[in-house]
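Novice: My questions all concern the structure below.
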Amino acid sequence: MPLGPFSSSRWLPAARWRRLLLLGLTPLLFYVACKQAQTSGTGWPPVGEALRDTRPDVVIVTIDSVRADHVGAYGYARRTTPNLDQLAARGVRFERAYSQAPHTSFSIASLLTGRYFGLLSRMVPEALLPTLASHFAAYGWQTAAIYPPAIYVTDEAALAPYKSSHFGFQHVRCEYLSADQSVDEAIRFFEQKRPERAFLWLHLFEPHEPYEAGGAPQFGSTAMDRYDQELVVADAALGRLAHYLEKKQPGFILVVTSDHGEAFNEHGESLHGTNLHEEQVRVPLVLLAPHLRPQVISEPVQLVDVFPTLAQLANARWLFETDGRDLLPALTGQFQPGAAAFAALEDQRMIATQTHKLIWDLRRGTSQLFDLQRDPGEREDLSQRDPRTASLLRSELYTWIEARMESAQRLRWIRALPRAPTEILRARLGDVRAVDGLLRLLTRSDEPSVQEDAGRLLLRLPPQSQTGTALTALTRNPDARVADIAHIAALRLGHAPSQIYVLRLAQDAAADTELRLRAVEVLAFRRVQAALPALLDLLDHATDYEAQRAVIGFLGQLRDPRALPALLQRVQDPMVQREVLRALGEIGSPECIPALLHRLATDPRVLARLEAARALRRIGGSEAQAALVQAAASDPEQAVRDAAQPALHPIERPAAPKIATQTAP
């Protein structure tokens, strides 16, 4: 947006003047720092000193869905990655590298911004973070990106500014290409643009599910076999790019990593984006650069570390805050003692140290502790047997969370935003400890926006019994916004008189969408059938997949067969298919069976067949039984065969809540 002329007001508030000053001075200061860094002769680490007079090309290759333990250099027996193995042998291999999220969107955003993107985007949605591409462009690199649109799928709202700017890259090819086509595009960029020095990010979509790329060698027909075959395809493309760089662009810096791993039912889940176990967040990380000697770094590192490491390695100093650490000191034995890696998924947080790993659920207040040296597969939860280690890691994790909140406050200052109440930031991170503070803000804050934030966040956290009396009193508050929130929150705690009020709110198409979602959530839990029209309306008008998945889950809780047409209409959509199949199983109507039988028998996606089998077991009946027996005997995937064993693994339909289910007009 142009800065002038200003709005009709003649005078600007102090916050806006500060922001304008920052916007005006930052480019100048950054330019001066860039020129100083290009000419300065002091202050660089040994590796940077060796590269001072060079103009290296910098290339990052991210290969989708690569779990570290399926790479030969990390000990995998199958010959899946011979080219990556050779690069690892010639460069620096980081043995314990972690992505910041088990899905593409937030892990790639963290890599390209050097920040814990998932957390910052929740605490400061307005923030627009500097990126590696814009940073290198300021130093004179020509920048290019070749990547698929899937990067933006998980949270389109948070990633919208980066989608429109392609993370600051100048030359962009954003579409679904094969690995070979992607490498062709990368080579074409070098050949046609002939950049004096280039910064290139290349994302290879293989081996993303569905595993269809094929290629030799043929390992077998299971999902893991086909996944490994796609690794071979991606690795061959990587080898072709590396060969080109060595021949035509000598002296380059190369990073090869992945956005996340891939699960094969190790912890009851398939694919990715569902937990923070090793198979989903531990990824390969290999770094090659002139004058770097081959070695293996065993300390835990993270994708956010790539930004400061590359900037330092390429002699491109940065002025702004990053969450990562420069990894170059590790190459000379100066790595920080007690280094840890962190990751986040929804309301779960992870800390991994040299020896242990803790996964903490902030909403439930529960944790899992694993000894990674003795139990790398994370089979044995030690949280009860080793409370001292669990407590120490929880403390370290909370310290990290507090540091993230302070980082968010600094970012708000830069954006000329008022400092946010700590309870608001804590609640945005999903921490149930914020409930009492949110209630105080809801009742005592004299800022309507703070009140509104506190109320919305209160409804996203699990209900706490100690707030019942205060919430019941607030249902009589003359402020309609406060009363709406109080009625929903009170009904979650069983205050039946609020049900009619909440139902009317859910049915009001003009009401705030977020409040309607929270209203239908509690109504579905109570199985108030009159909420069905509101649920279907919200499903039809949901603007993002996250909201769609939530509403589909509520429809499953409601168990009303009238929702079947809307659900069956979406059963082939891969972005909501899992939730649809689960909802069909919850509803349990005979009309669901044909669609579930078809998914179980024909769907190429393992996850779809797995959920269809679970749903059929839940519904039962002779037709479902026959299909399950057939799948148990013939499905190529062990996880599906296990799920299809109705006699060995019966599933009880969950009992309906023991709460009155009266409806209202």
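Just remember, in the structure tokens the first chain shown is A, the second B, etc., residues are 1-based per chain, and ligands are 1-based in the order shown.
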Could you go through region 136-348 of chain A and tell me which residues DSSP, when run on the backbone, assigns to alpha helix (DSSP H), listing them as an NGL selection string?
Specialist: :A and (136-138 or 156-165 or 179-193 or 223-248 or 278-281 or 306-313)
Novice: Go ahead and compute the interatomic distance for CA of Ser65 (chain A) and CA of Glu206 (chain A), in Å to one decimal.
Specialist: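 About the pair CA of Ser65 (chain A) and CA of Glu206 (chain A): they are 7.7 Å apart.
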Novice: Go ahead and compute the interatomic distance for CA of Asp180 (chain A) and CA of Ala237 (chain A), in Å to one decimal.
Specialist: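 Spanning CA of Asp180 (chain A) to CA of Ala237 (chain A) is a straight-line distance of 5.5 Å.
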Novice: Rank nothing, just name the residue among A:Pro102, A:Gly585, A:Pro130, A:Pro161 nearest to Val283 (chain A), using only C-alpha atoms.
Specialist: A:Pro102
Novice: Can you measure CA of Glu321 (chain A) to CA of Gln409 (chain A) for me? One decimal in Å is fine.
Specialist: 12.4 Å
Novice: Any idea what's packed within 7 Å of Phe169 (chain A), counting only C-alpha atoms, ignoring anything in its chain fewer than 5 positions away? Could you give it as number ranges by chain?
Specialist: A: 133-134, 143-145
Novice: Deliver the residues from the most recent selection as a file, using C-alpha atoms, as a tab-separated table (two decimals), in the first residue's frame.
Specialist:
```
chain	number	residue	atom	x	y	z
A	133	ALA	CA	15.16	-15.11	-0.79
A	134	SER	CA	14.64	-11.43	0.03
A	143	THR	CA	16.78	-15.84	-6.70
A	144	ALA	CA	14.63	-18.61	-8.14
A	145	ALA	CA	12.13	-21.11	-6.75
```
Novice: Might you pull out every residue within 10 Å of Tyr98 (chain A), with only C-alpha atoms counted and same-chain residues fewer than 3 positions away left off, and present them as a PyMOL selection string?
Specialist: chain A and resi 67-68+94-95+101-102+107+257-261+278+280-285+300-304+340-343+352
Novice: Using C-alpha atoms, can you export the residues from the last selection as a compact mmCIF listing (two decimals), in the first residue's frame?
Specialist:
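Full text of selection.txt as output:
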```txt
# COMPACT_ATOMS: atom_id res chain seq x y z
CA ARG A 67 12.32 -39.71 6.82
CA ALA A 68 15.98 -39.92 7.76
CA PHE A 94 23.75 -33.81 10.45
CA GLU A 95 22.73 -37.04 12.13
CA ALA A 101 6.34 -29.38 11.89
CA PRO A 102 5.34 -32.78 10.46
CA SER A 107 8.28 -26.67 7.97
CA THR A 257 17.01 -31.82 3.35
CA SER A 258 13.30 -32.64 3.64
CA ASP A 259 10.22 -30.88 4.95
CA HIS A 260 9.10 -33.80 7.14
CA GLY A 261 9.13 -37.58 7.36
CA GLU A 278 10.72 -39.53 14.89
CA GLN A 280 7.44 -37.76 10.98
CA VAL A 281 9.86 -35.04 12.12
CA ARG A 282 13.42 -36.41 11.84
CA VAL A 283 14.79 -35.61 8.39
CA PRO A 284 18.10 -35.81 6.53
CA LEU A 285 20.24 -32.67 6.40
CA PRO A 300 20.34 -32.18 17.33
CA VAL A 301 19.77 -29.40 14.79
CA GLN A 302 16.69 -27.89 13.13
CA LEU A 303 15.50 -26.54 9.79
CA VAL A 304 15.38 -23.02 11.26
CA ALA A 340 18.05 -29.17 21.59
CA ALA A 341 15.58 -29.23 18.71
CA PHE A 342 11.93 -28.22 18.88
CA ALA A 343 8.82 -28.93 16.83
CA ALA A 352 14.67 -33.48 21.46
```
